[in-house]
Structures are given as C-alpha cells and as structure tokens.
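Asks: Quick one: the structure is below, and I'll ask about it shortly.
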Amino acid sequence: MISAQAAGSDADTVLAPPPPPDPSTDPILETLQTSDGPETQVDEIFKIRPHVAMTLFSAGLESLVSITGDVPPTPPPADPIIPHMRGIEAEKKSIVRSNSEKNLARLLQNSSTKSSYPPQNFEPSPQPCDDIPLRTQKQTFKNDSQTKAPLPPHIIIGEGCQPVNVQHAALVRKFYCRKTPPFTITEYLKRIHRYLPLSTGVYLATAFYIHRLAIAERAIVVTERNVFRLVIGGLRVAMKALEDHSYSHKLFAKFGGVSEKELSRLEICFCYLTNFELVVDQQKLRRQWELLKSGGDKWATFDQPPEIELQDSTGNCQAGVPSRRLFSFSTVLRMDYDQVLQGSKYPAKQHARRVVEYIRNKVPGASGIIFLQSRSTKRIEDCDQDEPFRQRRFFYYLTGCPLADSYLIHDIDNDKSTLYIPPIDPEEVIWSGLPMSVEEAKEKYDVDEVEYKAPDINARLAHIASLKQKPTVFAIHAVPDEITFLGFDEKDFKVVREAIEVCRSVKDDYEIAMIGKANQISSKAHEEVLKKVRHAKNERELEAVFLGNCIADGARNQAYDSIVASGRSAATLHYVKNNEPLEGKLNLLLDAGCEWDCYASDITRTFPINGKFTKESREIYDIVLKMQLECIAMLKEGVLWEDVHLLAHRILIDGLLELGILKGDKDEILKTRTSVAFLPHGLGHYLGMDTHDTGGNPNYQDEDPIFRYLRVRGRLPENSVITVEPGIYFCRFIIEPFLKDATRARFIDARVLEKYWDVGGVRIEDNIVIKKDGSVNLTTAVKDPVEMESLISQS
C-alpha cells in the first residue's frame, strides 16, 4: 500500500476532472453537431421545462385514445396449429423496420437453398461451449473426394417458434387492462410527475416510441385500456435508453401503480415491440416536440405510410393480390354525437345546392324550381288507424323535415327554399295535440321560408313560373293529381331523382354524426343482447331486448327488420321468423340496427349462445374476422370495391383450405367461383337514409356470380359510408348444387364439410366512413371473440 505522502502531487493530477470534450477533435461529436442544423435549435429542446413536455405528451395521448376508442386485445388463437395466418405471417416477414435493413422473408429465402445446413465448409470445434458443439471454418478443395462424416446435432435459434403475428399479438395483450382505469392518462402522468419528475428528454423519447408504434408502423392500437401500461413501460425504457437513473425500479413501479415484476415484463414487451430500436437523437426529439406543439390532434394524425405488398412465404408477391397495408388503418370513432347534432341544423340548403349543381351539369342553363312532396298520411285498409309513417327520403334530403303532408319549392335561380306544412286543424287538435307552427318550423329546419299549405298551391306555382323565362319544374313522378304545374315550359321527372341519389352517396359531417348516433345506440343494444342470450329461450326474447334498448335510448324506428337467427337458420341471409327456440343451437346471428332521424345503422354480430364457441365455430369466426379486418384495412378513397370483394374471397379460400373444407389449387377455386357456395352475397353496401343506400350502381344481371349481388360497383368516394360484412354460410340449399357439379365438387371435401353444418352462418358487419388515406369505423359493438365469450359467460 502506498501512503499519501509517497503519492505526493500525483494524487492531485489523478483526481482532477478531465477537460470538456472538443467537437473539433471528435469526429462523432462533430458529425452530430453539423448534421443536425444550428446548435441553438438543439439547445432549445433541452431548455423546455419538463412539465410542459409532459402536458403536451398527455394531450397527444388523449387525442389518440379518443380517436381509437376501446379496441379489445387480439385474442389468443383457438387452435395451436394457428390456421388462417399465412397471409398475415408473410406480410409481417416482409416489413423493413425503420432503423433496420433486415427483411425476414428474404433471409429465410436465402437460408432455404438446396445446400445443406450448416454449410459444408464448417466443422465441429474440438472445444464445445456449454455442451453445444461449435463450428470452425476449414479450407476445402474442388477435387476433394473424401467422404464427409455426418455433422453432429446443431441448434438453430428460433427454430419451431410461433409465427411472428402470433408472437406480436401475445406481446400486445400484456398492455391491456381488464377494466378501464377510473382516471385519465393526463391525471396518471401528472401523478407520476408530481412524485417522480422526469426529464424533458424522457417524455419526448417516449412520445417518439409510441408515435412510431401506434401511428407510423401500426404495431399497436392505443386505447383507453392499454395506454397506461404502454406509457409506464415506455417511460421506463426511455429512461434506460437515455441513461437516466434518477429512480430505482422499485420506486418507479410503486408510483406507476404496478408490481416490480409487471414493470419488468412491460419493459421487455415494449422493447420487443420496438424491435430494440431505441436510439434517439436531437432530430427525432425535435420532430416530436414540433408535432406535440402543433396540438394533440396533429400528433395523433394517422399519416399514410407506404403500402406493403403481400408476399408469400418465399418473399414473392402473390399474383393477383393488390398491394395493401399490413395493419388496419381504420380507427373506431367515439364522440359525443349529441353535441354535434344539437349545435346545428340538418344541412338541407347545402344539399339543395349540390343537387342544383348536378342538375346544371346535366341540363346546362337550367332554370326553374325543384318541387318535392313529403309522404302523405294514409289509413290502413279497412281500418280507421294510420299506417306507420316513413318519410320520403328525397324530400327529407332537401328539408330535414319529418312532417307528413308537406311540400318543398326550391327556386334554383334564387337559391331559395320554401317549406309548406299542414295548417292547424281544430278538429284534430283534441286528438293529437297542437302540430308544429311555422315559427317553430323556421327555427328548426334549414330553409328560407315556412308557410302553411293553402288550397291555391297551383296559383302560387303559376306565379313563380310567370317570373321566369322558359322555366322547368324538376320533380319526382310521385306528384299528387291536384298539382298541375301550369305555366312551366318543361317538366323533368328524372334528373332530380338521379341528382339526389348520386349526392346522397357522399355524406357531410352532420350526416356522419347521425349515422354515428344510430351506431352508438345499436352497438349498446347489441351488447345488451350478449348479456341476455345465455338466459333466453327463444329468438323473439332477444329481438325484444334489442328493440327495447333502442327505444329507451330514443331510437323508436329500426332501419330494417331485425334478423335474429339461431343455429342453422343463420345460413339464411335475410331470416325473418325470429321465433325459433334456442335450445340445442350453437350460435346466434344478430343483424339489427336502429335509425336516428331517418339515418340508418346496420350491424351484425355472431356469438355462441352458451358463452363458448365450439372448435368448428371458432375456426369459421376467425376466418370471417380476418376477412373483415383485412378488407377494412384496404379501404380508402378511390379503392375499387370489386378488388376489396375479391380479397374477401381469397382470404375465405385460404382459410377453408387450412380447415380442409376446400381442397386443390386456390387459384382454380377462385376461377371456378367455388367460394360463392360459402359467400353468395356482396361484401357490403352504401349506408345512409336507407339501409341499402343509393349510388351503388349494382348490376344484378352480371354473368359473373361472384359480382352479381354486389350492391356497390366502382371506386369509393371520400366521405361515403359503406358496410363491410363478410360471412361464411353452410346452407345446404346453396352448397349441394356445387357438390353435384363435377367442375366444382372436386374442390369441396364433403366429409370435412359434414362437421360444419351446425355452425350455420357467421357474419360480422361494421359501418365504415371512407377517408382520403384510410377509413373510420363508426361501429363500436364488441366483436373480439374472447370478449364476447366473457360478456356472455359473466352475465
């Protein structure tokens, strides 16, 4: 041991701090400084106060959660063989992550050559490591004729592991809470920051990780049930990535509200989801700061990433399969529809202007009026009661008025709408109460004038005509006999109908909110049926549950007659009986949707009556769910609906081939249209004031059976609302003719098919708004099979 005296002045030299780094002498520091722009911009990021970064980060998370809503976790597979996953697996392998040049599909292709593995120019090492023989390279010669000895066993890391998508889903499930916490993510972050204040860099790095996972790569959907664990795991990973050791693991777990073991598990899962790409630099942090400063909504915007081609297991693009995104870019919309609807009027004048624009494109220089009549009250035959009233949709589109016995005159030259409503009938007041007054109507509806109907309506029309040169009246043929249209040079009974039908296919925000409101009520009613199905004895009881919940929530009218089909009846597409007993049946298909102020919802769910899918039912359900999710992921403005429909059939064929119901070449199966035996209807239809809304241009005379019943043809416009409702049905009446047709019977294994007749039919239907770079899902009814089973079993 050397004494202090012996050390002398050398001790001072050793203990002196090193000089500050000089960027001019360090090429790495110099590169970081010069490649990132002015140094002042870098400094500004780290001058941001941590609580400001935390506040903006929490605002971004709140926006992201409000957009996505409550999306259940991906359920574990029902079958350990993992059927129907080849497409997703191939796509996952083909991803090139943001900071990596690895492409798993290409690596697998390179490794699966005809040569044996491991390469022959390696031989065992004489000294094994941990009982595992190692290989050392040896020199070989072309004329080496010596017989090589068989190689000892070797280990391939990852051999026999589950497919990538299954591993990914298992990781994502670790972040979900069974119940939504009773506080917001903002309150959660404030609590952590109060007791464990973190640095600005940690908040921005966590924002970068989550933004990349949720928005850039779509690796995880951030919801109100997983955002808390995702944030706590991300914060801890960011601290370690930035070498911030301010707080111990135990302390961070305590104030994060999780156990130490769970925090470790969340860290590991978070790292695997990010592919361990955790390096952040000033440029990335600055980009996150700029996004967060611009507002939470912009931070949570779903930018369109490059499309990924679907590849098979060899890495080659599958012929005929369109390029599409890997994950669903459709978000589930949850919002306060009442606030939107109560804050403004139905945009009737805006609709009228669009209709007039269409008319003038068809009839240049058109001048005159649009005349529309509402539906009249009508007595039930041989009865003194009125028929159930349903407003004419063409009239409602230009008025927003649900009143019977009314007229609309829209002057297309002056852009003036006048609504004529029934006058007060003193004899009727005692029975029905006071009707709406003109003052109330003027306040409620988006029109310029409101007047009571008068007997001299023809005189008024003639007066309007006399003020114009060569006027035309545009009307729909359902005009009462007492209306004469005297004074009008032309009468056109076609173009206004065509104009309204075309305009209705594209919705404005108010209309989307009305469809969303109908979806909100219907989705809740669907879940109430799930809670009652295990205790019901007959289909009609469940129909009553659905109708009762809709009426209780203010939706008295249904968009269509409900389909409540149990067992094999679910194979009937428009089943109407709804009165069969449930005993002995496997599943129930519920296709039901209410109407909100003339705007429809259309939702279908299929679920096990006893709370647990059978093996066969779950297999079919998983295929249909995959069909729907991948078709929704393909949707955006301009997509060809026929291509989406074909994608559904391709996924169906792949799935039924996995199960053995179909056999043979999948391209031949599609070419012979054998899949139509199991999916005979179109993938969906436009939705609006009618369940099967206008503008779809179907061709029911199409000679190709796969497209014959497609209710929408062509490319989808932005802000159209369309249903996506794939299904698989086991209907003897439809399938047996295919079994008797030699051309197509060779593709169906009747022996395997026999196990699936009792499944009946499975259909899943959501209502989707088409957007420029993706879509928005208005339907929030649960469709995750595990969550449905849980709701039924716990009832």
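How things are named: the first chain in the structure tokens is A, the next is B, and so on; residues count from 1 in each chain; ligands count from 1 in the order shown.
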Excluding region 690-701 of chain A and any residue of its chain fewer than 4 positions from it, enumerate the residues within 7 Å of it, using only C-alpha atoms, and give them as a list in words.

Replies: Glu501, Val502, Arg504, Ser505, Ala559, Tyr599, Ala600, Asp602, His685, Tyr686, Arg708, Tyr709, Leu710, Arg711, Val712 and Arg713 of chain A

Asks: Those same residues - N, CA, C and O atoms - I'd like them written as a PDB file, in the first residue's frame.

Replies:
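Produced file out-v8.pdb, reproduced below:
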ATOM      1  N   GLU A 501     -79.935  10.928 -55.722  1.00  0.00           N
ATOM      2  CA  GLU A 501     -79.343   9.609 -55.463  1.00  0.00           C
ATOM      3  C   GLU A 501     -77.826   9.657 -55.510  1.00  0.00           C
ATOM      4  O   GLU A 501     -77.152   9.047 -54.683  1.00  0.00           O
ATOM      5  N   VAL A 502     -77.274  10.390 -56.469  1.00  0.00           N
ATOM      6  CA  VAL A 502     -75.819  10.499 -56.567  1.00  0.00           C
ATOM      7  C   VAL A 502     -75.260  11.302 -55.398  1.00  0.00           C
ATOM      8  O   VAL A 502     -74.262  10.912 -54.775  1.00  0.00           O
ATOM      9  N   ARG A 504     -76.457  11.738 -52.443  1.00  0.00           N
ATOM     10  CA  ARG A 504     -76.610  11.048 -51.159  1.00  0.00           C
ATOM     11  C   ARG A 504     -75.468  10.090 -50.861  1.00  0.00           C
ATOM     12  O   ARG A 504     -75.238   9.737 -49.695  1.00  0.00           O
ATOM     13  N   SER A 505     -74.737   9.663 -51.880  1.00  0.00           N
ATOM     14  CA  SER A 505     -73.674   8.674 -51.642  1.00  0.00           C
ATOM     15  C   SER A 505     -72.479   9.276 -50.908  1.00  0.00           C
ATOM     16  O   SER A 505     -71.680   8.543 -50.330  1.00  0.00           O
ATOM     17  N   ALA A 559     -83.930   0.570 -38.719  1.00  0.00           N
ATOM     18  CA  ALA A 559     -83.551   0.794 -40.113  1.00  0.00           C
ATOM     19  C   ALA A 559     -84.056  -0.322 -41.017  1.00  0.00           C
ATOM     20  O   ALA A 559     -84.248  -0.120 -42.216  1.00  0.00           O
ATOM     21  N   TYR A 599     -81.676   8.290 -40.514  1.00  0.00           N
ATOM     22  CA  TYR A 599     -80.375   7.755 -40.909  1.00  0.00           C
ATOM     23  C   TYR A 599     -80.123   6.426 -40.203  1.00  0.00           C
ATOM     24  O   TYR A 599     -80.350   6.291 -39.002  1.00  0.00           O
ATOM     25  N   ALA A 600     -79.621   5.460 -40.973  1.00  0.00           N
ATOM     26  CA  ALA A 600     -79.598   4.056 -40.550  1.00  0.00           C
ATOM     27  C   ALA A 600     -78.255   3.640 -39.966  1.00  0.00           C
ATOM     28  O   ALA A 600     -77.206   4.232 -40.244  1.00  0.00           O
ATOM     29  N   ASP A 602     -76.384  -0.410 -39.452  1.00  0.00           N
ATOM     30  CA  ASP A 602     -76.541  -1.787 -39.937  1.00  0.00           C
ATOM     31  C   ASP A 602     -75.391  -2.604 -39.381  1.00  0.00           C
ATOM     32  O   ASP A 602     -74.267  -2.546 -39.891  1.00  0.00           O
ATOM     33  N   HIS A 685     -72.616  -2.566 -48.726  1.00  0.00           N
ATOM     34  CA  HIS A 685     -73.459  -1.618 -49.456  1.00  0.00           C
ATOM     35  C   HIS A 685     -73.304  -0.244 -48.831  1.00  0.00           C
ATOM     36  O   HIS A 685     -72.865  -0.097 -47.686  1.00  0.00           O
ATOM     37  N   TYR A 686     -73.672   0.778 -49.600  1.00  0.00           N
ATOM     38  CA  TYR A 686     -73.692   2.126 -49.046  1.00  0.00           C
ATOM     39  C   TYR A 686     -74.764   2.209 -47.963  1.00  0.00           C
ATOM     40  O   TYR A 686     -75.797   1.520 -48.006  1.00  0.00           O
ATOM     41  N   ARG A 708     -72.383 -10.693 -58.969  1.00  0.00           N
ATOM     42  CA  ARG A 708     -73.785 -10.454 -59.327  1.00  0.00           C
ATOM     43  C   ARG A 708     -74.546  -9.724 -58.231  1.00  0.00           C
ATOM     44  O   ARG A 708     -75.370  -8.843 -58.510  1.00  0.00           O
ATOM     45  N   TYR A 709     -74.314 -10.061 -56.987  1.00  0.00           N
ATOM     46  CA  TYR A 709     -75.071  -9.456 -55.890  1.00  0.00           C
ATOM     47  C   TYR A 709     -74.269  -8.383 -55.162  1.00  0.00           C
ATOM     48  O   TYR A 709     -74.552  -8.067 -54.003  1.00  0.00           O
ATOM     49  N   LEU A 710     -73.278  -7.842 -55.836  1.00  0.00           N
ATOM     50  CA  LEU A 710     -72.502  -6.754 -55.263  1.00  0.00           C
ATOM     51  C   LEU A 710     -73.297  -5.456 -55.405  1.00  0.00           C
ATOM     52  O   LEU A 710     -73.570  -5.002 -56.510  1.00  0.00           O
ATOM     53  N   ARG A 711     -73.700  -4.873 -54.287  1.00  0.00           N
ATOM     54  CA  ARG A 711     -74.574  -3.692 -54.310  1.00  0.00           C
ATOM     55  C   ARG A 711     -73.831  -2.400 -54.618  1.00  0.00           C
ATOM     56  O   ARG A 711     -74.458  -1.369 -54.845  1.00  0.00           O
ATOM     57  N   VAL A 712     -72.492  -2.439 -54.574  1.00  0.00           N
ATOM     58  CA  VAL A 712     -71.682  -1.270 -54.912  1.00  0.00           C
ATOM     59  C   VAL A 712     -70.686  -1.692 -55.973  1.00  0.00           C
ATOM     60  O   VAL A 712     -70.016  -2.717 -55.835  1.00  0.00           O
ATOM     61  N   ARG A 713     -70.583  -0.908 -57.030  1.00  0.00           N
ATOM     62  CA  ARG A 713     -69.607  -1.160 -58.082  1.00  0.00           C
ATOM     63  C   ARG A 713     -68.785   0.115 -58.296  1.00  0.00           C
ATOM     64  O   ARG A 713     -69.299   1.227 -58.184  1.00  0.00           O
TER      65      ARG A 713
END

Asks: Calculate how many Å separate CA of Asp741 (chain A) from CA of Arg673 (chain A), rounding to one decimal.

Replies: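 It comes out at 12.0 Å.
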
Asks: Please provide the set of residues having any atom within 12 Å of Val52 (chain A), restricted to only C-alpha atoms, with same-chain residues fewer than 6 positions apart removed, written as a PyMOL selection string.

Replies: chain A and resi 45-46+58-59+189-190+193+197-201+203-204+289+292-293

Asks: Which residues, written as a PDB file with N, CA, C and O atoms, in the first residue's frame, have at least one atom at most 10 Å from Arg265 (chain A), with only C-alpha atoms counted and residues fewer than 6 positions away on the same chain left out?

Replies:
ATOM      1  N   LEU A 171     -47.519 -10.200 -27.247  1.00  0.00           N
ATOM      2  CA  LEU A 171     -46.861  -9.058 -26.607  1.00  0.00           C
ATOM      3  C   LEU A 171     -47.845  -7.916 -26.373  1.00  0.00           C
ATOM      4  O   LEU A 171     -47.860  -7.293 -25.310  1.00  0.00           O
ATOM      5  N   LYS A 174     -50.198  -7.944 -23.318  1.00  0.00           N
ATOM      6  CA  LYS A 174     -49.630  -7.678 -21.990  1.00  0.00           C
ATOM      7  C   LYS A 174     -49.927  -6.263 -21.505  1.00  0.00           C
ATOM      8  O   LYS A 174     -49.848  -5.990 -20.308  1.00  0.00           O
ATOM      9  N   PHE A 175     -50.282  -5.364 -22.415  1.00  0.00           N
ATOM     10  CA  PHE A 175     -50.503  -3.969 -22.024  1.00  0.00           C
ATOM     11  C   PHE A 175     -51.959  -3.670 -21.690  1.00  0.00           C
ATOM     12  O   PHE A 175     -52.270  -2.568 -21.248  1.00  0.00           O
ATOM     13  N   GLY A 233     -44.424   1.544 -19.305  1.00  0.00           N
ATOM     14  CA  GLY A 233     -43.332   0.766 -19.895  1.00  0.00           C
ATOM     15  C   GLY A 233     -42.449   1.624 -20.768  1.00  0.00           C
ATOM     16  O   GLY A 233     -41.213   1.513 -20.734  1.00  0.00           O
ATOM     17  N   SER A 259     -46.675  -3.801 -10.135  1.00  0.00           N
ATOM     18  CA  SER A 259     -45.673  -4.519  -9.355  1.00  0.00           C
ATOM     19  C   SER A 259     -44.325  -4.443 -10.068  1.00  0.00           C
ATOM     20  O   SER A 259     -44.243  -4.122 -11.265  1.00  0.00           O
ATOM     21  N   CYS A 271     -39.756  -3.278 -25.483  1.00  0.00           N
ATOM     22  CA  CYS A 271     -38.520  -3.364 -26.261  1.00  0.00           C
ATOM     23  C   CYS A 271     -38.693  -4.283 -27.467  1.00  0.00           C
ATOM     24  O   CYS A 271     -38.226  -3.976 -28.569  1.00  0.00           O
TER      25      CYS A 271
END

Asks: Residues near region 549-551 of chain A, anyone? I mean within 8 Å using only C-alpha atoms, not counting same-chain ones fewer than 3 positions away, as a list in words.

Replies: Ile521, Ser522, Lys524, Ala525, Glu528, Val545, Phe546, Gly554, Ala555, Arg556, Asn557 and Cys594 of chain A

Asks: Just the selected residues (N, CA and C atoms), exported as an mmCIF file, in the first residue's frame, please.

Replies:
data_model
loop_
_atom_site.group_PDB
_atom_site.id
_atom_site.type_symbol
_atom_site.label_atom_id
_atom_site.label_comp_id
_atom_site.auth_asym_id
_atom_site.auth_seq_id
_atom_site.Cartn_x
_atom_site.Cartn_y
_atom_site.Cartn_z
ATOM 1 N N ILE A 521 -76.190 3.777 -30.467
ATOM 2 C CA ILE A 521 -77.332 3.154 -29.791
ATOM 3 C C ILE A 521 -77.409 1.670 -30.131
ATOM 4 N N SER A 522 -77.223 1.342 -31.403
ATOM 5 C CA SER A 522 -77.317 -0.055 -31.825
ATOM 6 C C SER A 522 -76.202 -0.901 -31.219
ATOM 7 N N LYS A 524 -74.682 -0.478 -28.386
ATOM 8 C CA LYS A 524 -75.025 -0.731 -26.986
ATOM 9 C C LYS A 524 -76.100 -1.803 -26.879
ATOM 10 N N ALA A 525 -77.105 -1.744 -27.768
ATOM 11 C CA ALA A 525 -78.178 -2.739 -27.743
ATOM 12 C C ALA A 525 -77.638 -4.126 -28.089
ATOM 13 N N GLU A 528 -76.143 -5.554 -25.032
ATOM 14 C CA GLU A 528 -77.172 -5.986 -24.074
ATOM 15 C C GLU A 528 -77.729 -7.356 -24.453
ATOM 16 N N VAL A 545 -85.147 -7.585 -26.509
ATOM 17 C CA VAL A 545 -84.065 -6.905 -25.787
ATOM 18 C C VAL A 545 -83.469 -5.805 -26.657
ATOM 19 N N PHE A 546 -83.211 -6.125 -27.916
ATOM 20 C CA PHE A 546 -82.602 -5.135 -28.810
ATOM 21 C C PHE A 546 -83.540 -3.951 -29.025
ATOM 22 N N GLY A 554 -83.950 6.430 -27.262
ATOM 23 C CA GLY A 554 -84.508 7.469 -28.130
ATOM 24 C C GLY A 554 -84.661 7.113 -29.583
ATOM 25 N N ALA A 555 -84.348 5.880 -29.961
ATOM 26 C CA ALA A 555 -84.457 5.462 -31.361
ATOM 27 C C ALA A 555 -85.657 4.520 -31.495
ATOM 28 N N ARG A 556 -86.818 5.070 -31.828
ATOM 29 C CA ARG A 556 -88.031 4.256 -31.913
ATOM 30 C C ARG A 556 -88.097 3.445 -33.199
ATOM 31 N N ASN A 557 -87.469 3.949 -34.259
ATOM 32 C CA ASN A 557 -87.569 3.289 -35.560
ATOM 33 C C ASN A 557 -86.337 2.442 -35.829
ATOM 34 N N CYS A 594 -80.728 0.341 -35.514
ATOM 35 C CA CYS A 594 -81.787 1.340 -35.385
ATOM 36 C C CYS A 594 -81.560 2.483 -36.364
#

Asks: So which one's closest to Gly365 (chain A), A:Ile515, A:Glu267, A:Lys470, A:Tyr452? Using only C-alpha atoms, please.

Replies: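 Closest to Gly365 (chain A) of all the choices is A:Lys470.
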
Asks: Can you work out which one of A:Ala169, A:Leu434, A:Cys598, A:Val495 has the shortest atom-to-atom distance to Cys401 (chain A), counting only C-alpha atoms?

Replies: A:Cys598
